[in-house]
Amino acid sequence: MLLELKNTSVFYGKVQATHDVSISVPEGQIVTLIGSNGAGKSTTLRMISGLERPQTGDVLYDGESILSLPPEKITGIGIAHVPEGRRVFPQMTVMENLEMGAYLRSESKEMAHNLDLVFSHFPRLKERVSQHAGTMSGGEQQMLAMGRALMSNPKLVLMDEPTLGLSPIMCQEIAGIIKKINNNGRTIVLVEQNARLALALADYGYVLDTGEVVIEGVADKLREDDDIQKTYLGLG
Amino acid sequence: MGVDTIIQTIANALVLGSVYAMVAVGLAIAFGVMQMANFSHGELFMAGSYVVFVLYTLLGMPFLLAVILAFPIVAMIGLAFERLIFRPTRGNVLAGFMASAGAGFILQVLVGQQWGVGLMRTIQTPFPGGAEVLGASISYQRLLIFPATVIMVTGLWYFLTRVKAGKALRACAQDPEAAVLQGISLNKMTGLAMLLSGGFAGVGGALMAPIIPVTPYMGHTYAVTAFVIVIVGGMASIEGAVIAAFILGFIHTIVATLYDSVTATMVGVLFMAIVLILKPTGLMGRVKV
């Protein structure tokens with residue numbers, strides 16, 4: 001397992017956000033966390049990045065606990081986080097945003113290589129290197145946020161709601177790129193409200209409800225599950 | 001009003017705007033990165049003046065060397081404030097306000113105990129005389145301030161837009177959490193911000209030391225004006241702070257020439273109110289995402 005969450009519980013003050021969440025992410029796969037708003041999906045991702053600390057449980061990366069690492073160190077061991085709402089640096093150019101993504105990998109040869117890779121996934125970013133990120137459309141900002149994450153050459157990419165607020169066409173484009181990034185050998189943990197899209201992309205899925213894992217299984221099986229179809233895919 | 005008076009006013013305004021820019025830029029950087037206002041910023045300015053008083057007047061070092069040394073010395077005070085005040089109170093605006101204001105008082109008392117309270121320290125200008133420009137006269141001491149500001153603000157600009165650490169500083173100011181996710185250490189960046197902030201305030205105070213009365217409480221008026229400038233300029237915006245500094249420099253100088261300096265301060269605050277009514281984020285306010 002590349003990443004393992006063992007019985008993790010996160011509290012915001014006295015409010016418990018997640019209960020006893022255990023998740024396994026095998027190397028090379030796309031694992032998705034789906035569920036409604038407030039189910040604890042983002043909290044779980046933020047905990048992996050070190051932005052939140054679990055009160056109980058453990059987070060293992062490559063078999064070792066990473067709970068003691070501050071978030072800026074977690075980036076350094078190969079985990080990149082594409083945050084919810086894109087969170088690009090609005091008053092910096094596309095190029096500067098990408099440079100920040102390469103903050104820990106700024107050796108020029110390596111950076112040029114990662115930059116080529118990002119531009120091959122997102123040709124649109126190459127056309128806009130000197131544009132301020134804040135003036136771009138939501139879809140372009142999402143591409144930039146993903147490109148910025150890839151600049152650290154991560155083994156594991158955490159994506160939080162990458163298609164939120166995007167047009168159906170843009171959603172498909174982003175989905176295609178997620179698949180491509182995965183085909184490049186990167187493991188992905190995908191948090192999505194768009195369960196249909198997430199399960200189509202993923203190998204394995206976990207359904208969270210009010211902070212607990214309620215169902216888990218192979219993505220194709222989950223898609224055919226009656227309960228999931230009714231509750232999360234709007235069918236039935 | 002004759003041509004000479006107009007030239008004189010413009011020259012005075014440029015000099016005053018330069019000093020304001022030097023003080024306000026530091027405040028804006030610190031606020032941008034820490035999301036907390038440093039209420040002891042005026043005392044960092046005062047510390048810069050006392051560096052010149054001690055090194056130049058008491059110890060006889062060359063004036064320009066004392067000014068240059070004011071940068072690292074006051075920068076270290078800024079760094080100490082970051083470690084002892086802003087890091088422990090991060091995210092708690094009220095605690096940061098009280099602790100930083102308290103630190104300002106402590107600095108005033110320390111300086112007062114060492115070199116006296118209420119007694120004005122007179123610092124001889126190392127550059128007596130002045131230049132005559134179209135009938136207006138400006139002392140060389142004041143004339144020095146404008147190019148010094150241009151050099152320092154340009155240097156800062158280069159650092160923030162061309163150097164990796166400077167870009168990381170801007171990234172932190174725009175979105176601290178996203179910056180941390182790129183592997184940027186927030187603690188290092190807040191430390192760097194306070195180093196720069198202290199250094200700029202220190203050099204501002206050092207350059208002004210021969211011109212204005214040097215007392216432990218001298219920083220207050222400059223800090224108030226710097227806050228007005230930073231609010232007008234758009235809190236975390238460095239461009240905004242520089243532009244607003246020169247606007248305030250002109251407003252203060254023109255009103256003070258026509259009326260008096262108390263009225264000038266009032267008009268300055270009124271200007272801030274008008275800007276905030278028309279554009280609540282300030283002139284160059286940050287883009288809200």
# chains A, B, ... in the order shown; residues from 1 in each chain; ligands from 1

call {"tool": "interface_residues", "arguments": {"of": "chain B", "to": "chain A", "cutoff": "7 Å", "atoms": "only C-alpha atoms", "output": "PDB file with C-alpha atoms, in the first residue's frame"}}
result
ATOM      1  CA  ALA B 168       7.310  32.521  -2.030  1.00  0.00           C
ATOM      2  CA  ALA B 171       2.528  33.377  -2.476  1.00  0.00           C
ATOM      3  CA  GLN B 174      -1.952  35.635  -1.321  1.00  0.00           C
ATOM      4  CA  ASP B 175      -2.859  32.251   0.162  1.00  0.00           C
ATOM      5  CA  ALA B 178      -1.910  26.931  -0.546  1.00  0.00           C
ATOM      6  CA  VAL B 180       2.292  25.555   2.645  1.00  0.00           C
ATOM      7  CA  LEU B 181       0.944  22.836   0.319  1.00  0.00           C
ATOM      8  CA  GLN B 182       3.735  23.742  -2.138  1.00  0.00           C
ATOM      9  CA  GLY B 183       6.316  23.014   0.541  1.00  0.00           C
ATOM     10  CA  ILE B 184       6.865  26.614   1.638  1.00  0.00           C
ATOM     11  CA  SER B 185       7.477  26.957   5.368  1.00  0.00           C
ATOM     12  CA  VAL B 287      -8.630  39.966  -5.458  1.00  0.00           C
TER      13      VAL B 287
END

call {"tool": "select_by_dssp", "arguments": {"residues": "segment 32-248 of chain B", "states": "strand (DSSP E)", "output": "list of chain:residue names"}}
result
B:Gly130, B:Ala131, B:Glu132, B:Val133, B:Ala136, B:Ser137, B:Ile138, B:Ser139

call {"tool": "residues_around", "arguments": {"residues": "Met272 of chain B", "least_positions_apart": "4", "cutoff": "8 Å", "atoms": "only C-alpha atoms", "output": "number ranges by chain"}}
result
B: 228-229, 231-232, 268, 276

call {"tool": "closest_residue", "arguments": {"among": "B:Tyr140, B:Asn92, B:Asn12, B:Val3", "to": "Gly249 of chain B", "atoms": "only C-alpha atoms"}}
result
B:Asn12

call {"tool": "closest_residue", "arguments": {"among": "A:Ala17, A:Val157, A:Val10, A:Gln29", "to": "Val218 of chain A", "atoms": "only C-alpha atoms"}}
result
A:Gln29

call {"tool": "select_by_dssp", "arguments": {"residues": "segment 38-243 of chain B", "states": "alpha helix (DSSP H)", "output": "MDAnalysis selection string"}}
result
chainID B and resid 41:52 63:81 93:115 140:162 164:174 176:181 186:208 219:233 238:243

call {"tool": "residues_around", "arguments": {"residues": "Ile178 of chain A", "least_positions_apart": "6", "cutoff": "10 Å", "atoms": "only C-alpha atoms", "output": "number ranges by chain"}}
result
A: 30, 121, 146, 157, 159, 162, 172, 184, 186, 188, 190, 201-202

call {"tool": "write_last_selection", "arguments": {"atoms": "N, CA and C atoms", "output": "mmCIF file, in the first residue's frame"}}
result
data_model
loop_
_atom_site.group_PDB
_atom_site.id
_atom_site.type_symbol
_atom_site.label_atom_id
_atom_site.label_comp_id
_atom_site.auth_asym_id
_atom_site.auth_seq_id
_atom_site.Cartn_x
_atom_site.Cartn_y
_atom_site.Cartn_z
ATOM 1 N N ILE A 30 -6.436 4.763 -8.838
ATOM 2 C CA ILE A 30 -7.236 5.932 -8.468
ATOM 3 C C ILE A 30 -8.249 5.449 -7.440
ATOM 4 N N HIS A 121 0.312 17.960 -20.618
ATOM 5 C CA HIS A 121 -1.049 17.699 -20.126
ATOM 6 C C HIS A 121 -1.968 18.893 -20.376
ATOM 7 N N MET A 146 -3.793 21.841 -10.837
ATOM 8 C CA MET A 146 -3.302 20.484 -11.052
ATOM 9 C C MET A 146 -1.866 20.509 -11.577
ATOM 10 N N VAL A 157 -1.159 12.024 -5.714
ATOM 11 C CA VAL A 157 -1.820 13.320 -5.895
ATOM 12 C C VAL A 157 -3.190 13.257 -5.225
ATOM 13 N N MET A 159 -6.718 15.030 -4.895
ATOM 14 C CA MET A 159 -7.511 16.024 -5.612
ATOM 15 C C MET A 159 -8.843 16.214 -4.916
ATOM 16 N N PRO A 162 -12.140 18.401 -8.009
ATOM 17 C CA PRO A 162 -11.557 19.092 -9.167
ATOM 18 C C PRO A 162 -12.593 19.572 -10.194
ATOM 19 N N GLN A 172 -15.470 16.822 -18.336
ATOM 20 C CA GLN A 172 -14.959 15.694 -19.118
ATOM 21 C C GLN A 172 -13.472 15.882 -19.418
ATOM 22 N N ASN A 184 0.350 7.934 -16.170
ATOM 23 C CA ASN A 184 1.767 8.262 -16.047
ATOM 24 C C ASN A 184 2.404 7.624 -14.828
ATOM 25 N N ARG A 186 1.114 7.848 -11.589
ATOM 26 C CA ARG A 186 0.873 8.507 -10.305
ATOM 27 C C ARG A 186 -0.397 7.971 -9.658
ATOM 28 N N ILE A 188 -3.650 8.321 -7.305
ATOM 29 C CA ILE A 188 -4.528 9.469 -7.094
ATOM 30 C C ILE A 188 -5.592 9.147 -6.061
ATOM 31 N N LEU A 190 -9.061 10.765 -5.121
ATOM 32 C CA LEU A 190 -9.975 11.736 -5.720
ATOM 33 C C LEU A 190 -11.195 11.904 -4.827
ATOM 34 N N LEU A 201 -13.926 6.959 -13.180
ATOM 35 C CA LEU A 201 -12.471 7.097 -13.257
ATOM 36 C C LEU A 201 -11.745 6.107 -12.348
ATOM 37 N N ALA A 202 -12.361 5.836 -11.192
ATOM 38 C CA ALA A 202 -11.602 5.196 -10.114
ATOM 39 C C ALA A 202 -11.538 3.679 -10.247
#

call {"tool": "residues_around", "arguments": {"residues": "Ala245 of chain B", "least_positions_apart": "5", "cutoff": "6 Å", "atoms": "only C-alpha atoms", "output": "ChimeraX atom specification"}}
result
/B:17,20-21,229

call {"tool": "write_last_selection", "arguments": {"atoms": "C-alpha atoms", "output": "tab-separated table (two decimals), in the first residue's frame"}}
result
chain	number	residue	atom	x	y	z
B	17	GLY	CA	6.16	60.39	0.27
B	20	TYR	CA	6.06	57.14	4.12
B	21	ALA	CA	6.72	54.56	1.40
B	229	ILE	CA	-1.37	54.38	3.73

call {"tool": "closest_residue", "arguments": {"among": "B:Leu79, B:Ala70, B:Ile212, B:Leu196", "to": "Gln141 of chain B", "atoms": "only C-alpha atoms"}}
result
B:Ile212

call {"tool": "residues_around", "arguments": {"residues": "Ala244 of chain B", "least_positions_apart": "2", "cutoff": "7 Å", "atoms": "only C-alpha atoms", "output": "list in words"}}
result
Ile229, Val232, Gly233, Gly240, Ala241, Val242, Phe246, Ile247 and Leu248 of chain B

call {"tool": "atom_distance", "arguments": {"atom1": "atom CA of Val67 of chain B", "atom2": "atom CA of Gly155 of chain B"}}
result
16.3 Å

call {"tool": "residues_around", "arguments": {"residues": "segment 26-37 of chain B", "least_positions_apart": "5", "cutoff": "7 Å", "atoms": "only C-alpha atoms", "output": "PDB file with C-alpha atoms, in the first residue's frame"}}
result
ATOM      1  CA  VAL B  93      -5.655  38.931  15.890  1.00  0.00           C
ATOM      2  CA  GLY B  96      -1.280  39.855  18.230  1.00  0.00           C
ATOM      3  CA  PHE B  97      -2.528  43.419  18.585  1.00  0.00           C
ATOM      4  CA  LEU B 169       6.701  35.538   0.207  1.00  0.00           C
ATOM      5  CA  CYS B 172       2.189  33.317   1.322  1.00  0.00           C
ATOM      6  CA  ALA B 173       0.576  36.752   1.289  1.00  0.00           C
ATOM      7  CA  THR B 190       6.848  35.202   8.448  1.00  0.00           C
ATOM      8  CA  ALA B 193       8.642  39.276   6.238  1.00  0.00           C
ATOM      9  CA  MET B 194       9.462  40.717   9.641  1.00  0.00           C
ATOM     10  CA  LEU B 196      12.318  43.054   5.693  1.00  0.00           C
ATOM     11  CA  SER B 197       9.663  44.989   7.543  1.00  0.00           C
ATOM     12  CA  GLY B 198      12.070  45.931  10.326  1.00  0.00           C
ATOM     13  CA  PHE B 200      12.799  49.136   5.869  1.00  0.00           C
ATOM     14  CA  ALA B 201      11.336  50.890   8.909  1.00  0.00           C
ATOM     15  CA  VAL B 230      -1.567  50.610   3.972  1.00  0.00           C
ATOM     16  CA  MET B 235      -3.657  46.137   3.037  1.00  0.00           C
ATOM     17  CA  ALA B 236      -1.260  43.559   1.633  1.00  0.00           C
ATOM     18  CA  SER B 237      -0.411  45.309  -1.616  1.00  0.00           C
ATOM     19  CA  ILE B 238       3.100  46.656  -1.962  1.00  0.00           C
ATOM     20  CA  ALA B 241       1.424  51.043  -0.388  1.00  0.00           C
TER      21      ALA B 241
END

call {"tool": "atom_distance", "arguments": {"atom1": "atom CA of Val269 of chain B", "atom2": "atom CA of Val117 of chain B"}}
result
29.1 Å
